[in-house]
Amino acid sequence: MHAIEKILAKAAGKSSVATGEIVNCKVDLAGINDLYLQTIRSFYEMGGNKVHDPKKVIVFLDHYAPASTIQQADNQKQFREFSWQQNIEYLMDIDQGVCHQVLVDKGLVFPGMVLVVTDSHTTTHGAVGAFGTGVGATDLATILMTGQLWFRVPEIIRIDLQGKIPPGVFAKDIILRVIGELGADYAVYKAVEFTGPVVADLSMSERMVLCNMTTEMGAKTSYIQPDAITQEYLANKVNQDYEIMTTSPGYHYHAEHTFDVSTLKPQLAAPHSVDNVDDITKYAGRPVQQAFLGTCTGGRTSDLAVAAKILKGKQIHPHTRLVVVPASKQVFLEAIEKGYMETLIKAGATFVTPGCAACLGTHQGMLASGETCVTSSSRNFPGRMGHNRAEIFVGSPASVAAAALNGCITDPTQYLAKED
């Protein structure tokens, strides 16, 4: 079996599972965000009274942090009251940040666990060797009632990353190239595993970017085999024992693809699809009205560090605004401690509350008709960040900072030393 199959088998109380099999699994942790009030409604409509295990439930007020409409405020009020009534201690209020980063920051995700959240980018947690997936309100309500959910054991695709990452290229560029080559619907309800020497050298933050963006291929979940980097990263976070699953020798993948990144250039996904990917040089010089740095895909401390390196001692272009959204409170505090926040503010950046912000398309950095944005977030569908006639280019944090500096799409390689 593959490691993912072993995780599902253990959660289902079975000795083995096979591709395509339907299994009922115990869920180690279930998360609800403030977009999904219907989860609570469904819980009661289905006859729910008491949550099966409040210690295995976490509530995130991250998409509307802080509330910008009366409806959003009412949603969050009902979530708070539900959490208090059900004795759910893990209530992550509007100060905490995006669910995926908060889970890692607080040591609540670990290898071998089954994690289910009402957010498609829960694939992020394959970076630590967990089975992480997103579901809708009714499925999450079922977990609240029973502590379990059914899954179809997915086909597994292996993506092997070879070569050496060139200067100016990041995990975001790599995964954009993969999505561009394979397509936005390539991995629908399949699992994607990343392997190879490139992955072995990536930081946990960069691994999380790879796994996060598998959602844009339609993936149900993702996986990176835990190693010394994983264990070191989790050492001071996770306070419980966990089991690291490994894939059996000779396992047969549904499909395998190899990408050599040695000659890769910074990439951009152009409007209006994440698989509309080209080298950034194709669009160089195009004016940009907003540069957006942040969220669960591109708002970690290392991302802010790259932007600060490019912008230190400089000013963003007078016709461009730079919106910075730290992924979590912990990231925000680290950015203050390391001086990144001061550097970016002095350069002209606007910081907003840790959370989803304009990536959600409801507040904190909305785009007007005809505006162009370069973003380190995950999606560029029409209307994703505001007006449906705005144009969104998805790129790395370095590409975002370079666009803010010059007021146009710019290859960031020139600002990053080779040793980086």
# chains A, B, ... in the order shown; residues from 1 in each chain; ligands from 1
call {"tool": "select_by_dssp", "arguments": {"residues": "stretch 140-362 of chain A", "states": "helix (DSSP H, G or I)", "output": "NGL selection string"}}
result
:A and (140-146 or 171-182 or 197-201 or 204-217 or 228-234 or 280-283 or 295-298 or 301-311 or 329-337 or 340-347 or 357-360)
call {"tool": "closest_atom_pairs", "arguments": {"of": "stretch 46-149 of chain A", "to": "stretch 220-240 of chain A", "cutoff": "12 Å", "atoms": "only C-alpha atoms", "output": "tab-separated table"}}
result
residue	atom	partner	partner_atom	distance
A:Val102	CA	A:Lys237	CA	11.5
A:Leu103	CA	A:Lys237	CA	10.2
A:Val104	CA	A:Lys237	CA	7.8
A:Asp105	CA	A:Lys237	CA	7.1
A:Lys106	CA	A:Lys237	CA	6.3
A:Gly107	CA	A:Lys237	CA	4.3
A:Leu108	CA	A:Val238	CA	6.6
A:Val109	CA	A:Val238	CA	7.5
A:Phe110	CA	A:Val238	CA	7.0
A:Pro111	CA	A:Pro226	CA	7.2
A:Gly112	CA	A:Pro226	CA	9.7
A:Met113	CA	A:Gln240	CA	11.6
A:Val114	CA	A:Thr221	CA	10.6
A:Leu115	CA	A:Thr221	CA	10.2
A:Val116	CA	A:Thr221	CA	10.3
A:Val117	CA	A:Thr221	CA	11.9
A:Asp119	CA	A:Lys220	CA	11.4
A:Ser120	CA	A:Lys220	CA	8.3
A:His121	CA	A:Thr221	CA	8.9
A:Thr122	CA	A:Thr221	CA	7.7
A:Thr123	CA	A:Thr221	CA	4.8
A:Thr124	CA	A:Ser222	CA	7.4
A:His125	CA	A:Ser222	CA	7.6
A:Gly126	CA	A:Tyr223	CA	4.1
A:Ala127	CA	A:Ile224	CA	5.2
A:Val128	CA	A:Pro226	CA	6.0
A:Gly129	CA	A:Pro226	CA	5.5
A:Ala130	CA	A:Tyr223	CA	7.2
A:Phe131	CA	A:Thr221	CA	6.5
A:Gly132	CA	A:Thr221	CA	5.8
A:Thr133	CA	A:Thr221	CA	5.4
A:Gly134	CA	A:Lys220	CA	7.6
A:Val135	CA	A:Lys220	CA	9.5
call {"tool": "atom_distance", "arguments": {"atom1": "atom CA of A:Met341", "atom2": "atom CA of A:Lys314"}}
result
13.9 Å
call {"tool": "residues_around", "arguments": {"residues": "A:Cys296", "least_positions_apart": "2", "cutoff": "7 Å", "atoms": "only C-alpha atoms", "output": "PDB file with C-alpha atoms, in the first residue's frame"}}
result
ATOM      1  CA  VAL A  98      -5.657  31.358   8.103  1.00  0.00           C
ATOM      2  CA  HIS A 100      -3.950  25.998   7.432  1.00  0.00           C
ATOM      3  CA  GLN A 101      -1.126  28.015   8.965  1.00  0.00           C
ATOM      4  CA  GLY A 294      -0.125  36.731   1.740  1.00  0.00           C
ATOM      5  CA  GLY A 298       2.143  32.922   0.146  1.00  0.00           C
ATOM      6  CA  GLY A 299       1.997  34.664   3.500  1.00  0.00           C
ATOM      7  CA  ALA A 327      -0.821  33.924   7.216  1.00  0.00           C
TER       8      ALA A 327
END
call {"tool": "residues_around", "arguments": {"residues": "A:Ala184", "least_positions_apart": "6", "cutoff": "8 Å", "atoms": "only C-alpha atoms", "output": "list of chain:residue names"}}
result
A:Glu216, A:Met217, A:Gly218, A:Ser273, A:Val274, A:Asp275
call {"tool": "write_last_selection", "arguments": {"atoms": "C-alpha atoms", "output": "compact mmCIF listing (two decimals), in the first residue's frame"}}
result
# COMPACT_ATOMS: atom_id res chain seq x y z
CA GLU A 216 -5.70 23.82 -8.23
CA MET A 217 -5.25 20.46 -10.01
CA GLY A 218 -8.42 19.15 -8.39
CA SER A 273 -7.06 30.07 -15.08
CA VAL A 274 -4.34 28.71 -12.82
CA ASP A 275 -3.13 26.40 -15.58
call {"tool": "closest_residue", "arguments": {"among": "A:Phe82, A:Phe170, A:Tyr251, A:Phe332", "to": "A:Leu264", "atoms": "only C-alpha atoms"}}
result
A:Phe170
call {"tool": "select_by_dssp", "arguments": {"residues": "stretch 145-248 of chain A", "states": "strand (DSSP E)", "output": "number ranges by chain"}}
result
A: 148-152, 156-162, 191-195, 221-223
call {"tool": "atom_distance", "arguments": {"atom1": "atom CA of A:Met208", "atom2": "atom CA of A:Ser328"}}
result
14.4 Å
call {"tool": "closest_residue", "arguments": {"among": "A:Ala270, A:Leu29, A:Val178, A:Met92", "to": "A:Cys211", "atoms": "only C-alpha atoms"}}
result
A:Val178
call {"tool": "closest_residue", "arguments": {"among": "A:Gly163, A:Leu176, A:Leu322, A:Tyr340", "to": "A:Phe259", "atoms": "only C-alpha atoms"}}
result
A:Gly163
call {"tool": "residues_around", "arguments": {"residues": "stretch 405-408 of chain A", "least_positions_apart": "4", "cutoff": "6 Å", "atoms": "only C-alpha atoms", "output": "PyMOL selection string"}}
result
chain A and resi 285-288+316-317+320
call {"tool": "write_last_selection", "arguments": {"atoms": "C-alpha atoms", "output": "PDB file, in the first residue's frame"}}
result
ATOM      1  CA  GLY A 285       6.383  45.433 -18.308  1.00  0.00           C
ATOM      2  CA  ARG A 286       2.625  45.076 -17.950  1.00  0.00           C
ATOM      3  CA  PRO A 287       1.370  47.769 -15.492  1.00  0.00           C
ATOM      4  CA  VAL A 288       0.158  46.527 -12.110  1.00  0.00           C
ATOM      5  CA  ILE A 316       7.034  50.810  -4.101  1.00  0.00           C
ATOM      6  CA  HIS A 317       5.894  52.402  -7.343  1.00  0.00           C
ATOM      7  CA  THR A 320       0.908  50.541  -7.278  1.00  0.00           C
TER       8      THR A 320
END
call {"tool": "residues_around", "arguments": {"residues": "A:Gln289", "least_positions_apart": "3", "cutoff": "7 Å", "atoms": "only C-alpha atoms", "output": "PyMOL selection string"}}
result
chain A and resi 319-321+371-373
call {"tool": "write_last_selection", "arguments": {"atoms": "C-alpha atoms", "output": "PDB file, in the first residue's frame"}}
result
ATOM      1  CA  HIS A 319       0.899  53.918  -9.036  1.00  0.00           C
ATOM      2  CA  THR A 320       0.908  50.541  -7.278  1.00  0.00           C
ATOM      3  CA  ARG A 321      -0.337  49.493  -3.846  1.00  0.00           C
ATOM      4  CA  GLU A 371      -7.190  46.728 -12.585  1.00  0.00           C
ATOM      5  CA  THR A 372      -4.346  44.222 -12.688  1.00  0.00           C
ATOM      6  CA  CYS A 373      -2.983  42.401  -9.635  1.00  0.00           C
TER       7      CYS A 373
END
call {"tool": "atom_distance", "arguments": {"atom1": "atom CA of A:Glu81", "atom2": "atom CA of A:Gly147"}}
result
20.9 Å
call {"tool": "closest_residue", "arguments": {"among": "A:Gln290, A:Pro412, A:Ala358, A:Val394", "to": "A:Lys265", "atoms": "only C-alpha atoms"}}
result
A:Pro412
call {"tool": "closest_residue", "arguments": {"among": "A:Val198, A:Phe393, A:Leu360, A:Thr246", "to": "A:Val169", "atoms": "only C-alpha atoms"}}
result
A:Val198
call {"tool": "closest_residue", "arguments": {"among": "A:Thr247, A:Val352, A:Arg379, A:Gly386", "to": "A:Thr214", "atoms": "only C-alpha atoms"}}
result
A:Arg379
call {"tool": "residues_around", "arguments": {"residues": "A:Pro397", "least_positions_apart": "2", "cutoff": "6 Å", "atoms": "only C-alpha atoms", "output": "ChimeraX atom specification"}}
result
/A:303,376,399-400
call {"tool": "decode", "arguments": {"residues": "stretch 222-249 of chain A", "atoms": "N, CA and C atoms", "output": "PDB file, in the first residue's frame"}}
result
ATOM      1  N   SER A 222      -2.811  15.410  -0.753  1.00  0.00           N
ATOM      2  CA  SER A 222      -1.429  15.413  -1.248  1.00  0.00           C
ATOM      3  C   SER A 222      -0.547  14.728  -0.214  1.00  0.00           C
ATOM      4  N   TYR A 223       0.717  14.519  -0.579  1.00  0.00           N
ATOM      5  CA  TYR A 223       1.600  13.823   0.358  1.00  0.00           C
ATOM      6  C   TYR A 223       3.062  14.093   0.035  1.00  0.00           C
ATOM      7  N   ILE A 224       3.847  14.319   1.087  1.00  0.00           N
ATOM      8  CA  ILE A 224       5.305  14.314   1.022  1.00  0.00           C
ATOM      9  C   ILE A 224       5.780  13.418   2.164  1.00  0.00           C
ATOM     10  N   GLN A 225       6.631  12.468   1.850  1.00  0.00           N
ATOM     11  CA  GLN A 225       7.090  11.536   2.874  1.00  0.00           C
ATOM     12  C   GLN A 225       7.846  12.290   3.969  1.00  0.00           C
ATOM     13  N   PRO A 226       7.405  12.189   5.232  1.00  0.00           N
ATOM     14  CA  PRO A 226       8.119  12.873   6.309  1.00  0.00           C
ATOM     15  C   PRO A 226       9.576  12.423   6.395  1.00  0.00           C
ATOM     16  N   ASP A 227      10.453  13.388   6.708  1.00  0.00           N
ATOM     17  CA  ASP A 227      11.877  13.117   6.816  1.00  0.00           C
ATOM     18  C   ASP A 227      12.441  13.912   7.987  1.00  0.00           C
ATOM     19  N   ALA A 228      13.749  14.062   8.030  1.00  0.00           N
ATOM     20  CA  ALA A 228      14.386  14.775   9.138  1.00  0.00           C
ATOM     21  C   ALA A 228      13.930  16.226   9.209  1.00  0.00           C
ATOM     22  N   ILE A 229      13.716  16.858   8.054  1.00  0.00           N
ATOM     23  CA  ILE A 229      13.247  18.250   8.036  1.00  0.00           C
ATOM     24  C   ILE A 229      11.851  18.341   8.652  1.00  0.00           C
ATOM     25  N   THR A 230      10.999  17.380   8.309  1.00  0.00           N
ATOM     26  CA  THR A 230       9.649  17.342   8.879  1.00  0.00           C
ATOM     27  C   THR A 230       9.708  17.211  10.396  1.00  0.00           C
ATOM     28  N   GLN A 231      10.479  16.266  10.860  1.00  0.00           N
ATOM     29  CA  GLN A 231      10.527  15.988  12.294  1.00  0.00           C
ATOM     30  C   GLN A 231      11.153  17.148  13.070  1.00  0.00           C
ATOM     31  N   GLU A 232      12.149  17.776  12.485  1.00  0.00           N
ATOM     32  CA  GLU A 232      12.743  18.939  13.146  1.00  0.00           C
ATOM     33  C   GLU A 232      11.736  20.084  13.231  1.00  0.00           C
ATOM     34  N   TYR A 233      10.984  20.271  12.162  1.00  0.00           N
ATOM     35  CA  TYR A 233       9.985  21.340  12.121  1.00  0.00           C
ATOM     36  C   TYR A 233       8.893  21.119  13.168  1.00  0.00           C
ATOM     37  N   LEU A 234       8.499  19.865  13.356  1.00  0.00           N
ATOM     38  CA  LEU A 234       7.403  19.554  14.275  1.00  0.00           C
ATOM     39  C   LEU A 234       7.869  19.343  15.708  1.00  0.00           C
ATOM     40  N   ALA A 235       9.174  19.257  15.915  1.00  0.00           N
ATOM     41  CA  ALA A 235       9.714  18.867  17.218  1.00  0.00           C
ATOM     42  C   ALA A 235       9.227  19.741  18.358  1.00  0.00           C
ATOM     43  N   ASN A 236       9.169  21.044  18.149  1.00  0.00           N
ATOM     44  CA  ASN A 236       8.765  21.961  19.214  1.00  0.00           C
ATOM     45  C   ASN A 236       7.302  22.383  19.107  1.00  0.00           C
ATOM     46  N   LYS A 237       6.553  21.668  18.251  1.00  0.00           N
ATOM     47  CA  LYS A 237       5.154  22.023  18.042  1.00  0.00           C
ATOM     48  C   LYS A 237       4.195  20.932  18.510  1.00  0.00           C
ATOM     49  N   VAL A 238       4.428  19.705  18.050  1.00  0.00           N
ATOM     50  CA  VAL A 238       3.508  18.603  18.325  1.00  0.00           C
ATOM     51  C   VAL A 238       3.867  17.940  19.652  1.00  0.00           C
ATOM     52  N   ASN A 239       2.886  17.830  20.532  1.00  0.00           N
ATOM     53  CA  ASN A 239       3.123  17.288  21.868  1.00  0.00           C
ATOM     54  C   ASN A 239       2.531  15.897  22.046  1.00  0.00           C
ATOM     55  N   GLN A 240       2.435  15.135  20.988  1.00  0.00           N
ATOM     56  CA  GLN A 240       1.918  13.782  21.101  1.00  0.00           C
ATOM     57  C   GLN A 240       2.677  12.863  20.167  1.00  0.00           C
ATOM     58  N   ASP A 241       2.568  11.576  20.453  1.00  0.00           N
ATOM     59  CA  ASP A 241       3.213  10.584  19.595  1.00  0.00           C
ATOM     60  C   ASP A 241       2.453  10.483  18.281  1.00  0.00           C
ATOM     61  N   TYR A 242       3.177  10.184  17.222  1.00  0.00           N
ATOM     62  CA  TYR A 242       2.527   9.983  15.930  1.00  0.00           C
ATOM     63  C   TYR A 242       3.274   8.915  15.164  1.00  0.00           C
ATOM     64  N   GLU A 243       2.586   8.362  14.173  1.00  0.00           N
ATOM     65  CA  GLU A 243       3.170   7.293  13.372  1.00  0.00           C
ATOM     66  C   GLU A 243       3.426   7.791  11.959  1.00  0.00           C
ATOM     67  N   ILE A 244       4.647   7.593  11.494  1.00  0.00           N
ATOM     68  CA  ILE A 244       4.995   7.969  10.130  1.00  0.00           C
ATOM     69  C   ILE A 244       4.795   6.771   9.217  1.00  0.00           C
ATOM     70  N   MET A 245       3.881   6.924   8.272  1.00  0.00           N
ATOM     71  CA  MET A 245       3.608   5.853   7.325  1.00  0.00           C
ATOM     72  C   MET A 245       4.609   5.914   6.172  1.00  0.00           C
ATOM     73  N   THR A 246       4.944   4.753   5.630  1.00  0.00           N
ATOM     74  CA  THR A 246       5.827   4.685   4.462  1.00  0.00           C
ATOM     75  C   THR A 246       5.168   3.836   3.388  1.00  0.00           C
ATOM     76  N   THR A 247       5.493   4.122   2.154  1.00  0.00           N
ATOM     77  CA  THR A 247       4.932   3.382   1.031  1.00  0.00           C
ATOM     78  C   THR A 247       5.675   2.063   0.844  1.00  0.00           C
ATOM     79  N   SER A 248       4.921   1.004   0.611  1.00  0.00           N
ATOM     80  CA  SER A 248       5.521  -0.317   0.424  1.00  0.00           C
ATOM     81  C   SER A 248       6.370  -0.343  -0.843  1.00  0.00           C
ATOM     82  N   PRO A 249       7.497  -1.034  -0.819  1.00  0.00           N
ATOM     83  CA  PRO A 249       8.343  -1.144  -2.025  1.00  0.00           C
ATOM     84  C   PRO A 249       7.549  -1.725  -3.194  1.00  0.00           C
TER      85      PRO A 249
END
